[in-house]
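Next up, target02.cif (mmCIF, C-alpha atoms):
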data_run
#
loop_
_atom_site.group_PDB
_atom_site.id
_atom_site.type_symbol
_atom_site.label_atom_id
_atom_site.label_comp_id
_atom_site.auth_asym_id
_atom_site.auth_seq_id
_atom_site.Cartn_x
_atom_site.Cartn_y
_atom_site.Cartn_z
ATOM 1 C CA MET A 1 73.627 79.021 87.208
ATOM 2 C CA GLU A 2 76.810 80.356 85.681
ATOM 3 C CA TYR A 3 78.975 82.925 87.441
ATOM 4 C CA LYS A 4 81.265 85.353 85.696
ATOM 5 C CA ILE A 5 84.352 86.859 87.221
ATOM 6 C CA ILE A 6 84.459 90.513 86.403
ATOM 7 C CA HIS A 7 87.921 91.980 86.140
ATOM 8 C CA VAL A 8 87.696 95.661 87.048
ATOM 9 C CA MET A 9 90.625 97.882 86.141
ATOM 10 C CA GLY A 10 91.346 101.158 87.818
ATOM 11 C CA ASP A 11 93.354 104.095 86.547
ATOM 12 C CA VAL A 12 96.119 106.046 88.282
ATOM 13 C CA PHE A 13 97.290 109.273 86.688
ATOM 14 C CA ILE A 14 100.793 110.738 87.081
ATOM 15 C CA PHE A 15 101.330 114.241 85.713
ATOM 16 C CA ASP A 16 104.283 116.556 85.385
ATOM 17 C CA ILE A 17 103.391 120.202 85.971
ATOM 18 C CA ASP A 18 105.638 122.664 84.119
ATOM 19 C CA GLY A 19 105.535 122.353 80.355
ATOM 20 C CA CYS A 20 102.862 119.676 80.600
ATOM 21 C CA ILE A 21 99.692 120.868 82.353
ATOM 22 C CA MET A 22 100.726 124.543 82.166
ATOM 23 C CA PRO A 23 103.361 126.635 80.413
ATOM 24 C CA ASN A 24 106.921 126.015 81.561
ATOM 25 C CA ILE A 25 108.139 128.820 83.829
ATOM 26 C CA PHE A 26 111.622 127.470 84.466
ATOM 27 C CA PRO A 27 114.891 127.944 82.596
ATOM 28 C CA VAL A 28 116.729 124.859 81.383
ATOM 29 C CA ILE A 29 118.117 123.002 84.412
ATOM 30 C CA GLU A 30 121.750 123.505 83.381
ATOM 31 C CA GLU A 31 121.203 127.285 83.264
ATOM 32 C CA VAL A 32 120.215 127.410 86.951
ATOM 33 C CA GLN A 33 123.672 127.260 88.498
ATOM 34 C CA ASN A 34 124.430 130.732 89.862
ATOM 35 C CA ASP A 35 122.200 132.618 92.287
ATOM 36 C CA LYS A 36 119.267 130.273 92.952
ATOM 37 C CA GLU A 37 117.500 132.648 95.351
ATOM 38 C CA ILE A 38 117.283 135.464 92.787
ATOM 39 C CA ILE A 39 116.215 133.072 90.029
ATOM 40 C CA ASN A 40 113.537 131.494 92.246
ATOM 41 C CA LYS A 41 112.097 134.915 93.194
ATOM 42 C CA LYS A 42 111.861 135.860 89.505
ATOM 43 C CA ILE A 43 110.176 132.553 88.676
ATOM 44 C CA ILE A 44 107.664 132.896 91.542
ATOM 45 C CA LYS A 45 106.752 136.391 90.319
ATOM 46 C CA LYS A 46 106.278 135.056 86.767
ATOM 47 C CA ALA A 47 104.340 131.994 87.990
ATOM 48 C CA PHE A 48 101.814 134.154 89.811
ATOM 49 C CA TYR A 49 100.227 134.995 86.425
ATOM 50 C CA ILE A 50 100.224 131.458 84.994
ATOM 51 C CA SER A 51 97.527 128.830 85.459
ATOM 52 C CA VAL A 52 96.872 125.294 84.271
ATOM 53 C CA PHE A 53 95.710 124.915 80.698
ATOM 54 C CA PRO A 54 91.876 125.007 80.444
ATOM 55 C CA GLU A 55 92.143 121.969 78.157
ATOM 56 C CA PHE A 56 93.881 120.092 80.989
ATOM 57 C CA VAL A 57 91.060 121.034 83.382
ATOM 58 C CA GLU A 58 88.559 119.526 80.926
ATOM 59 C CA PHE A 59 90.686 116.395 80.571
ATOM 60 C CA TYR A 60 90.930 116.144 84.373
ATOM 61 C CA LYS A 61 87.156 116.456 84.850
ATOM 62 C CA LYS A 62 86.486 113.859 82.171
ATOM 63 C CA ASN A 63 89.130 111.260 83.092
ATOM 64 C CA CYS A 64 90.437 111.688 86.623
ATOM 65 C CA VAL A 65 87.289 112.041 88.747
ATOM 66 C CA GLU A 66 86.609 108.289 88.719
ATOM 67 C CA SER A 67 90.277 107.281 88.889
ATOM 68 C CA LEU A 68 91.892 105.544 91.831
ATOM 69 C CA ALA A 69 94.440 108.320 92.375
ATOM 70 C CA VAL A 70 96.145 111.343 90.847
ATOM 71 C CA TYR A 71 99.752 112.362 91.449
ATOM 72 C CA PHE A 72 101.729 115.393 90.360
ATOM 73 C CA LEU A 73 105.508 114.923 90.215
ATOM 74 C CA THR A 74 107.260 118.225 89.842
ATOM 75 C CA GLY A 75 110.813 119.484 89.653
ATOM 76 C CA ARG A 76 109.675 122.410 91.791
ATOM 77 C CA LYS A 77 111.148 122.539 95.271
ATOM 78 C CA GLN A 78 108.581 122.738 98.040
ATOM 79 C CA LYS A 79 110.358 125.438 100.059
ATOM 80 C CA TYR A 80 110.083 127.878 97.159
ATOM 81 C CA PHE A 81 107.016 126.779 95.235
ATOM 82 C CA ARG A 82 104.472 125.041 97.510
ATOM 83 C CA LYS A 83 102.114 128.008 97.863
ATOM 84 C CA ILE A 84 102.160 129.014 94.213
ATOM 85 C CA THR A 85 101.731 125.374 93.091
ATOM 86 C CA GLU A 86 98.719 124.870 95.348
ATOM 87 C CA SER A 87 97.242 128.115 94.026
ATOM 88 C CA GLN A 88 97.813 127.124 90.404
ATOM 89 C CA LEU A 89 96.096 123.746 90.932
ATOM 90 C CA LYS A 90 92.961 125.311 92.449
ATOM 91 C CA PRO A 91 90.928 124.925 89.204
ATOM 92 C CA ILE A 92 90.990 121.127 89.659
ATOM 93 C CA GLU A 93 90.901 120.696 93.431
ATOM 94 C CA ASN A 94 87.111 120.264 93.651
ATOM 95 C CA TYR A 95 86.974 117.424 91.107
ATOM 96 C CA LYS A 96 89.391 114.867 92.555
ATOM 97 C CA ASN A 97 91.919 114.858 95.385
ATOM 98 C CA TYR A 98 95.543 114.611 94.335
ATOM 99 C CA ILE A 99 99.003 114.279 95.806
ATOM 100 C CA ILE A 100 101.863 116.606 94.884
ATOM 101 C CA LYS A 101 105.395 115.266 95.158
ATOM 102 C CA TYR A 102 108.046 117.982 94.998
ATOM 103 C CA TYR A 103 111.689 117.621 94.052
ATOM 104 C CA PRO A 104 113.738 117.341 97.266
ATOM 105 C CA ASP A 105 114.737 120.756 98.642
ATOM 106 C CA LYS A 106 118.305 119.714 99.410
ATOM 107 C CA LYS A 107 118.951 117.869 96.143
ATOM 108 C CA PRO A 108 120.843 119.764 93.391
ATOM 109 C CA HIS A 109 119.059 120.130 90.078
ATOM 110 C CA THR A 110 120.855 118.188 87.374
ATOM 111 C CA LEU A 111 118.999 116.483 84.569
ATOM 112 C CA LYS A 112 120.301 113.019 85.490
ATOM 113 C CA GLN A 113 119.372 113.408 89.178
ATOM 114 C CA TYR A 114 115.980 114.816 88.214
ATOM 115 C CA PHE A 115 115.244 111.873 85.896
ATOM 116 C CA ASN A 116 116.411 109.370 88.531
ATOM 117 C CA TRP A 117 114.234 111.042 91.171
ATOM 118 C CA LYS A 118 111.227 111.054 88.851
ATOM 119 C CA VAL A 119 111.597 107.398 87.815
ATOM 120 C CA ASN A 120 112.079 106.317 91.442
ATOM 121 C CA SER A 121 108.997 108.327 92.427
ATOM 122 C CA ILE A 122 106.963 106.628 89.696
ATOM 123 C CA LYS A 123 108.185 103.215 90.898
ATOM 124 C CA GLN A 124 107.166 104.078 94.485
ATOM 125 C CA ILE A 125 103.704 105.098 93.308
ATOM 126 C CA MET A 126 103.304 101.916 91.270
ATOM 127 C CA ASN A 127 104.407 99.756 94.191
ATOM 128 C CA GLN A 128 101.526 101.140 96.290
ATOM 129 C CA TRP A 129 98.957 99.550 94.002
ATOM 130 C CA ALA A 130 97.960 95.946 93.295
ATOM 131 C CA GLN A 131 99.698 95.009 90.091
ATOM 132 C CA ASP A 132 96.896 93.237 88.234
ATOM 133 C CA PHE A 133 94.124 95.783 88.554
ATOM 134 C CA VAL A 134 95.722 99.154 87.854
ATOM 135 C CA ARG A 135 96.610 101.014 84.676
ATOM 136 C CA PHE A 136 99.052 103.895 85.043
ATOM 137 C CA HIS A 137 98.906 106.945 82.769
ATOM 138 C CA ILE A 138 102.103 109.020 82.820
ATOM 139 C CA TYR A 139 102.150 112.473 81.211
ATOM 140 C CA ASP A 140 105.314 114.539 80.819
ATOM 141 C CA ASP A 141 106.766 117.146 78.486
ATOM 142 C CA LEU A 142 110.330 115.769 78.472
ATOM 143 C CA GLU A 143 110.668 113.079 75.849
ATOM 144 C CA ASP A 144 114.138 112.166 77.168
ATOM 145 C CA LEU A 145 112.531 110.948 80.424
ATOM 146 C CA PHE A 146 110.637 108.115 78.745
ATOM 147 C CA PRO A 147 113.674 105.904 77.956
ATOM 148 C CA PHE A 148 114.630 106.114 81.662
ATOM 149 C CA ILE A 149 111.139 104.929 82.591
ATOM 150 C CA PHE A 150 111.151 102.091 80.041
ATOM 151 C CA ARG A 151 114.597 100.955 81.195
ATOM 152 C CA GLU A 152 113.725 100.994 84.913
ATOM 153 C CA ILE A 153 110.090 99.836 84.858
ATOM 154 C CA SER A 154 109.356 96.840 82.686
ATOM 155 C CA PRO A 155 106.103 97.105 80.716
ATOM 156 C CA ASP A 156 105.881 93.320 81.220
ATOM 157 C CA ASN A 157 105.471 93.863 84.973
ATOM 158 C CA ARG A 158 103.320 97.002 84.962
ATOM 159 C CA ASN A 159 100.444 98.204 82.838
ATOM 160 C CA TYR A 160 101.394 101.771 81.932
ATOM 161 C CA LYS A 161 101.414 104.248 79.104
ATOM 162 C CA CYS A 162 103.616 107.320 78.735
ATOM 163 C CA LYS A 163 102.378 110.280 76.751
ATOM 164 C CA MET A 164 104.341 113.364 75.829
ATOM 165 C CA ILE A 165 102.362 116.575 76.281
ATOM 166 C CA GLN A 166 103.988 119.860 75.340
ATOM 167 C CA GLY A 167 101.140 122.285 74.971
ATOM 168 C CA ARG A 168 97.473 123.087 75.283
ATOM 169 C CA THR A 169 96.317 121.377 72.119
ATOM 170 C CA ASP A 170 98.006 118.117 73.120
ATOM 171 C CA TRP A 171 95.353 117.802 75.859
ATOM 172 C CA ILE A 172 92.724 117.736 73.140
ATOM 173 C CA TYR A 173 94.385 115.588 70.482
ATOM 174 C CA LYS A 174 96.865 113.294 72.271
ATOM 175 C CA THR A 175 95.084 112.235 75.433
ATOM 176 C CA ASN A 176 92.587 109.542 74.545
ATOM 177 C CA VAL A 177 92.294 107.361 77.665
ATOM 178 C CA LYS A 178 90.947 103.883 77.096
ATOM 179 C CA THR A 179 89.419 102.448 80.243
#

Using the file provided, produce a representation of the structure as structure tokens.
Amino acid sequence: MEYKIIHVMGDVFIFDIDGCIMPNIFPVIEEVQNDKEIINKKIIKKAFYISVFPEFVEFYKKNCVESLAVYFLTGRKQKYFRKITESQLKPIENYKNYIIKYYPDKKPHTLKQYFNWKVNSIKQIMNQWAQDFVRFHIYDDLEDLFPFIFREISPDNRNYKCKMIQGRTDWIYKTNVKT
């Protein structure tokens, strides 16, 4: 009798929120320097009327339900945006549990610090999983983030793909997941 070793791969999904799975509600990071409280109140009011793209919900139902894990890494600060973020993600909460990682409340928002935080967060997520059996799918709307990821996380050591998503139709045409 001959035995076969079956190599089963699992998928872990890492999504950005604003500009990726829903419209971006934030001004450019460099513009947010003056009165953060007033700006955050305006953004929360605007965010109340925005939801995740329906095309993302379909993608999520099709691809994430059987995955090992789903993470959302967001530049939103928890002290301002936790409630609205949880409300906006309600359309997907019944399909697969997920973890939201917010940008640190006390950390200033500069593009370099944001990219460093995001890459370090991705590395932490990857380090939680056995290297040989996991594929990571990273979705973000900021193309400038990807060189940071490639520089800090060797594709030779980790099985991952980065995909830039900048709108609703990208969830239909750019998101083919090969399992």

* Structure fact -> A straight line from CA of Gly19 (chain A) to CA of Met164 (chain A) spans 10.1 Å

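With all atoms listed in the file as the basis for measurement, A:Ile25 is the residue among A:Val12, A:Ile138, A:Ile149, A:Ile25 that approaches Phe81 (chain A) most closely.
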
* For the structure provided, state which residues fall under the PyMOL selection byres ((chain A and resi 158) around 10), and present them as a list in words. =>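 Selected by the PyMOL selection byres ((chain A and resi 158) around 10) in this file: Lys123, Met126, Asn127, Ala130, Gln131, Asp132, Phe133, Val134, Arg135, Phe136, Ile153, Ser154, Pro155, Asp156, Asn157, Asn159, Tyr160 and Lys161 of chain A.
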
* **Nearest-residue call for Ile125 (chain A), choices A:Ile14, A:Lys42, A:Phe56, A:Lys61, using only C-alpha atoms** =>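 Going through A:Ile14, A:Lys42, A:Phe56, A:Lys61 one by one, the smallest distance to Ile125 (chain A) is for A:Ile14.
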
* Asked: With distances taken over all atoms listed in the file, which of A:Tyr60, A:Phe13, A:Phe148, A:Tyr80 is nearest to Lys118 (chain A)?
  -> A:Phe148

Kindly resolve the PyMOL selection byres ((chain A and resi 48) around 10) on the present coordinates and return the residues as an mmCIF file with C-alpha atoms, in the coordinates of the input.
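What ended up in part.cif:
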data_model
loop_
_atom_site.group_PDB
_atom_site.id
_atom_site.type_symbol
_atom_site.label_atom_id
_atom_site.label_comp_id
_atom_site.auth_asym_id
_atom_site.auth_seq_id
_atom_site.Cartn_x
_atom_site.Cartn_y
_atom_site.Cartn_z
ATOM 1 C CA ILE A 43 110.176 132.553 88.676
ATOM 2 C CA ILE A 44 107.664 132.896 91.542
ATOM 3 C CA LYS A 45 106.752 136.391 90.319
ATOM 4 C CA LYS A 46 106.278 135.056 86.767
ATOM 5 C CA ALA A 47 104.340 131.994 87.990
ATOM 6 C CA TYR A 49 100.227 134.995 86.425
ATOM 7 C CA ILE A 50 100.224 131.458 84.994
ATOM 8 C CA SER A 51 97.527 128.830 85.459
ATOM 9 C CA ILE A 84 102.160 129.014 94.213
ATOM 10 C CA THR A 85 101.731 125.374 93.091
ATOM 11 C CA SER A 87 97.242 128.115 94.026
ATOM 12 C CA GLN A 88 97.813 127.124 90.404
#

* Asked: Mind pulling up the distance from CA of Lys79 (chain A) to CA of Cys64 (chain A)?
  -> 27.7 Å

* For the atom pair CA of Pro54 (chain A) and CA of Ser67 (chain A), what is the interatomic distance in Å to one decimal place? -> 19.7 Å

* Asked: If you count all atoms listed in the file, which residues fall within 12 Å of Leu89 (chain A), apart from same-chain ones fewer than 5 positions away, as JSON, numbers by chain?
  -> {"A": [17, 18, 21, 22, 48, 50, 51, 52, 53, 54, 56, 57, 60, 71, 72, 82, 83, 84, 94, 95, 96, 97, 98, 99, 100]}
